[in-house]
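Enquirer: Questions regarding the structure given below will be posed in turn.
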Amino acid sequence: MFYDEHKAEIDKLISRYPNSRGACLPLMWMAQNKYGYLSDEVLDEIAEILDLTLNDLEGVASFYTMYFRKPVGKYQIWVCRTLSCSMMGSGKILDHLKEKLGIEVGETTPDGRITLLCQECLAACGEGPVVQVNDKYHTFMTIEKVDKLLEDLSKDLIDQPSGEDQHA
């Protein structure tokens, strides 16, 4: 299914690496952009394409926070919780988001629009507290900026994720 739909692109990607294992990360990223997350079926197919085991891919998918093994919301809100962001108030921002969204970290709102996540470091220490929505950073966050961000998300005024068709 995945391979059949993207055969030329996948073959070109694999050809860039000295062995198939090298294409693991970008191929998983491609699949996630297509489907929104990496299902067991998709990982099985990628393992077959790359001549790897499912355990090989499970190890990669569980190591990197950028890969999702279950469906996530159209918008993923990541809150940085490293020391510098924590000192600037990321804990209060996280608590505010949990209260406003009615969910805990790792959960998705009942309407399927927003998944709340934490990241140990979003690598913008001088601009904290930092919140990332999909691929876009929002820096120097305050409770007021979070409320505006949530309002914009409710109106789809925030840039779509790179795989727009992945979430409906």
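Every chain in the structure tokens takes a letter, A first, then B, and so on in the order presented; its residues are numbered from 1, and the ligands are numbered from 1 following the presented order.
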Using only C-alpha atoms, what table do you get, as a tab-separated table, when you list each residue of segment 96-133 of chain A with an atom no more than 7 Å from segment 70-82 of chain A, its nearest pair of atoms, and their distance in Å rounded to one decimal, rows by chain then rising number?

Expert:
```
residue	atom	partner	partner_atom	distance
A:Thr108	CA	A:Gly73	CA	6.0
A:Gly112	CA	A:Gly73	CA	4.9
A:Arg113	CA	A:Gly73	CA	4.5
A:Ile114	CA	A:Gly73	CA	4.4
A:Thr115	CA	A:Gln76	CA	4.8
A:Leu116	CA	A:Ile77	CA	5.0
A:Leu117	CA	A:Trp78	CA	4.7
A:Cys118	CA	A:Val79	CA	4.8
A:Gln119	CA	A:Cys80	CA	5.0
A:Glu120	CA	A:Thr82	CA	5.2
A:Cys121	CA	A:Thr82	CA	5.2
A:Leu122	CA	A:Cys80	CA	5.7
A:Pro129	CA	A:Cys80	CA	7.0
A:Val130	CA	A:Cys80	CA	5.7
A:Val131	CA	A:Val79	CA	4.7
A:Gln132	CA	A:Trp78	CA	4.9
A:Val133	CA	A:Ile77	CA	4.6
```

Enquirer: Pick out the residues sitting within 9 Å of segment 21-25 of chain A, and hand them over as a list in words; count only C-alpha atoms, and ignore anything fewer than 2 positions along from it in its own chain.

Expert: Ile10, Leu13, Ile14, Ser15, Arg16, Tyr17, Pro18, Asn19, Leu27, Met28, Trp29, Met30, Ile46, Ala47, Leu50, Asp51, Leu52, Leu57, Val60 and Ala61 of chain A

Enquirer: Keeping only N, CA and C atoms, write the selected residues as a short mmCIF file (atom, residue, chain, number, x, y, z; two decimals), in the first residue's frame.

Expert:
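The result, written out as out.cif:
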```cif
data_model
loop_
_atom_site.label_atom_id
_atom_site.label_comp_id
_atom_site.auth_asym_id
_atom_site.auth_seq_id
_atom_site.Cartn_x
_atom_site.Cartn_y
_atom_site.Cartn_z
N ILE A 10 10.27 6.40 -2.89
CA ILE A 10 10.93 5.51 -1.93
C ILE A 10 12.21 4.93 -2.52
N LEU A 13 14.88 7.55 -2.58
CA LEU A 13 15.36 7.79 -1.23
C LEU A 13 16.34 6.70 -0.81
N ILE A 14 15.99 5.46 -1.01
CA ILE A 14 16.85 4.34 -0.62
C ILE A 14 18.16 4.37 -1.38
N SER A 15 18.13 4.81 -2.63
CA SER A 15 19.34 4.82 -3.45
C SER A 15 20.40 5.81 -2.94
N ARG A 16 20.01 6.73 -2.11
CA ARG A 16 20.95 7.72 -1.57
C ARG A 16 21.84 7.17 -0.46
N TYR A 17 21.54 5.99 0.03
CA TYR A 17 22.25 5.44 1.17
C TYR A 17 23.04 4.19 0.77
N PRO A 18 24.17 3.95 1.46
CA PRO A 18 24.98 2.78 1.12
C PRO A 18 24.28 1.46 1.43
N ASN A 19 23.35 1.48 2.39
CA ASN A 19 22.54 0.29 2.64
C ASN A 19 21.14 0.75 3.05
N LEU A 27 12.31 7.44 5.68
CA LEU A 27 11.17 6.67 5.19
C LEU A 27 10.06 6.63 6.24
N MET A 28 10.45 6.51 7.49
CA MET A 28 9.45 6.57 8.56
C MET A 28 8.80 7.95 8.62
N TRP A 29 9.61 8.99 8.39
CA TRP A 29 9.08 10.36 8.39
C TRP A 29 8.09 10.54 7.24
N MET A 30 8.44 10.01 6.09
CA MET A 30 7.56 10.10 4.92
C MET A 30 6.22 9.41 5.22
N ILE A 46 7.38 -0.97 5.99
CA ILE A 46 8.69 -0.32 5.91
C ILE A 46 9.79 -1.33 6.22
N ALA A 47 9.56 -2.18 7.21
CA ALA A 47 10.55 -3.22 7.55
C ALA A 47 10.80 -4.12 6.34
N LEU A 50 12.82 -2.23 3.62
CA LEU A 50 14.21 -2.00 3.96
C LEU A 50 14.95 -3.27 4.37
N ASP A 51 14.27 -4.39 4.34
CA ASP A 51 14.85 -5.67 4.75
C ASP A 51 15.37 -5.60 6.19
N LEU A 52 14.53 -5.03 7.06
CA LEU A 52 14.81 -4.93 8.48
C LEU A 52 13.73 -5.68 9.25
N LEU A 57 12.70 -1.30 13.67
CA LEU A 57 11.93 -0.07 13.51
C LEU A 57 11.26 0.36 14.81
N VAL A 60 13.71 2.36 16.79
CA VAL A 60 13.87 3.72 16.28
C VAL A 60 12.65 4.56 16.65
N ALA A 61 11.46 4.04 16.40
CA ALA A 61 10.22 4.80 16.66
C ALA A 61 10.05 5.12 18.13
#
```

Enquirer: Please identify the alpha helix (DSSP H) residues within segment 7-145 of chain A (assignment by DSSP from backbone atoms) and present them as number ranges by chain.

Expert: A: 7-15, 24-35, 40-50, 54-63, 83-87, 90-101, 143-145

Enquirer: Kindly indicate which residue among A:Ile49, A:Leu43, A:Lys145, A:Tyr137 lies nearest to His6 of chain A, using only C-alpha atoms for the distances.

Expert: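 Distance minimum relative to His6 of chain A lands on A:Ile49.
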
Enquirer: Determine which residues of segment 41-125 of chain A DSSP labels as strand (DSSP E) from the backbone of this structure, then write them out as a list in words.

Expert: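 The strand (DSSP E) residues within segment 41-125 of chain A come out as Tyr75, Gln76, Ile77, Trp78, Val79, Cys80, Ile114, Thr115, Leu116, Leu117, Cys118 and Gln119 of chain A.
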
Enquirer: Compile the contact shell of Gln32 of chain A as number ranges by chain: residues with an atom at most 9 Å away, counting only C-alpha atoms, same-chain residues fewer than 3 positions apart removed.

Expert: A: 27-29, 35-39, 42, 67-68, 163, 166

Enquirer: Work out how far atom CA of Leu83 of chain A is from atom CA of Glu151 of chain A, in Å to one decimal.

Expert: 27.9 Å

Enquirer: Nearest to Met1 of chain A: which of A:Lys148, A:Arg69, A:Lys34, A:Lys92 is it, counting only C-alpha atoms?

Expert: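 Residue with the minimum atom-to-atom distance to Met1 of chain A: A:Lys34.
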
Enquirer: I want to know what sits within 8 Å of Val146 of chain A, based on only C-alpha atoms, with residues of the same chain fewer than 4 positions away left out; could you give that as a PyMOL selection string?

Expert: chain A and resi 93+97+141-142+150

Enquirer: The selected residues should be written to file as a PDB file, in the first residue's frame (atoms: C-alpha atoms).

Expert:
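The resulting file, result39.pdb, is shown below:
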```pdb
ATOM      1  CA  ILE A  93       1.999  27.283  30.755  1.00  0.00           C
ATOM      2  CA  LEU A  97      -2.877  24.192  28.648  1.00  0.00           C
ATOM      3  CA  MET A 141       5.184  32.476  25.785  1.00  0.00           C
ATOM      4  CA  THR A 142       2.809  33.868  28.380  1.00  0.00           C
ATOM      5  CA  LEU A 150      -5.522  28.272  21.268  1.00  0.00           C
TER       6      LEU A 150
END
```

Enquirer: Just how far from atom CA of Gly128 of chain A is atom CA of Met88 of chain A, in Å to one decimal?

Expert: 6.1 Å
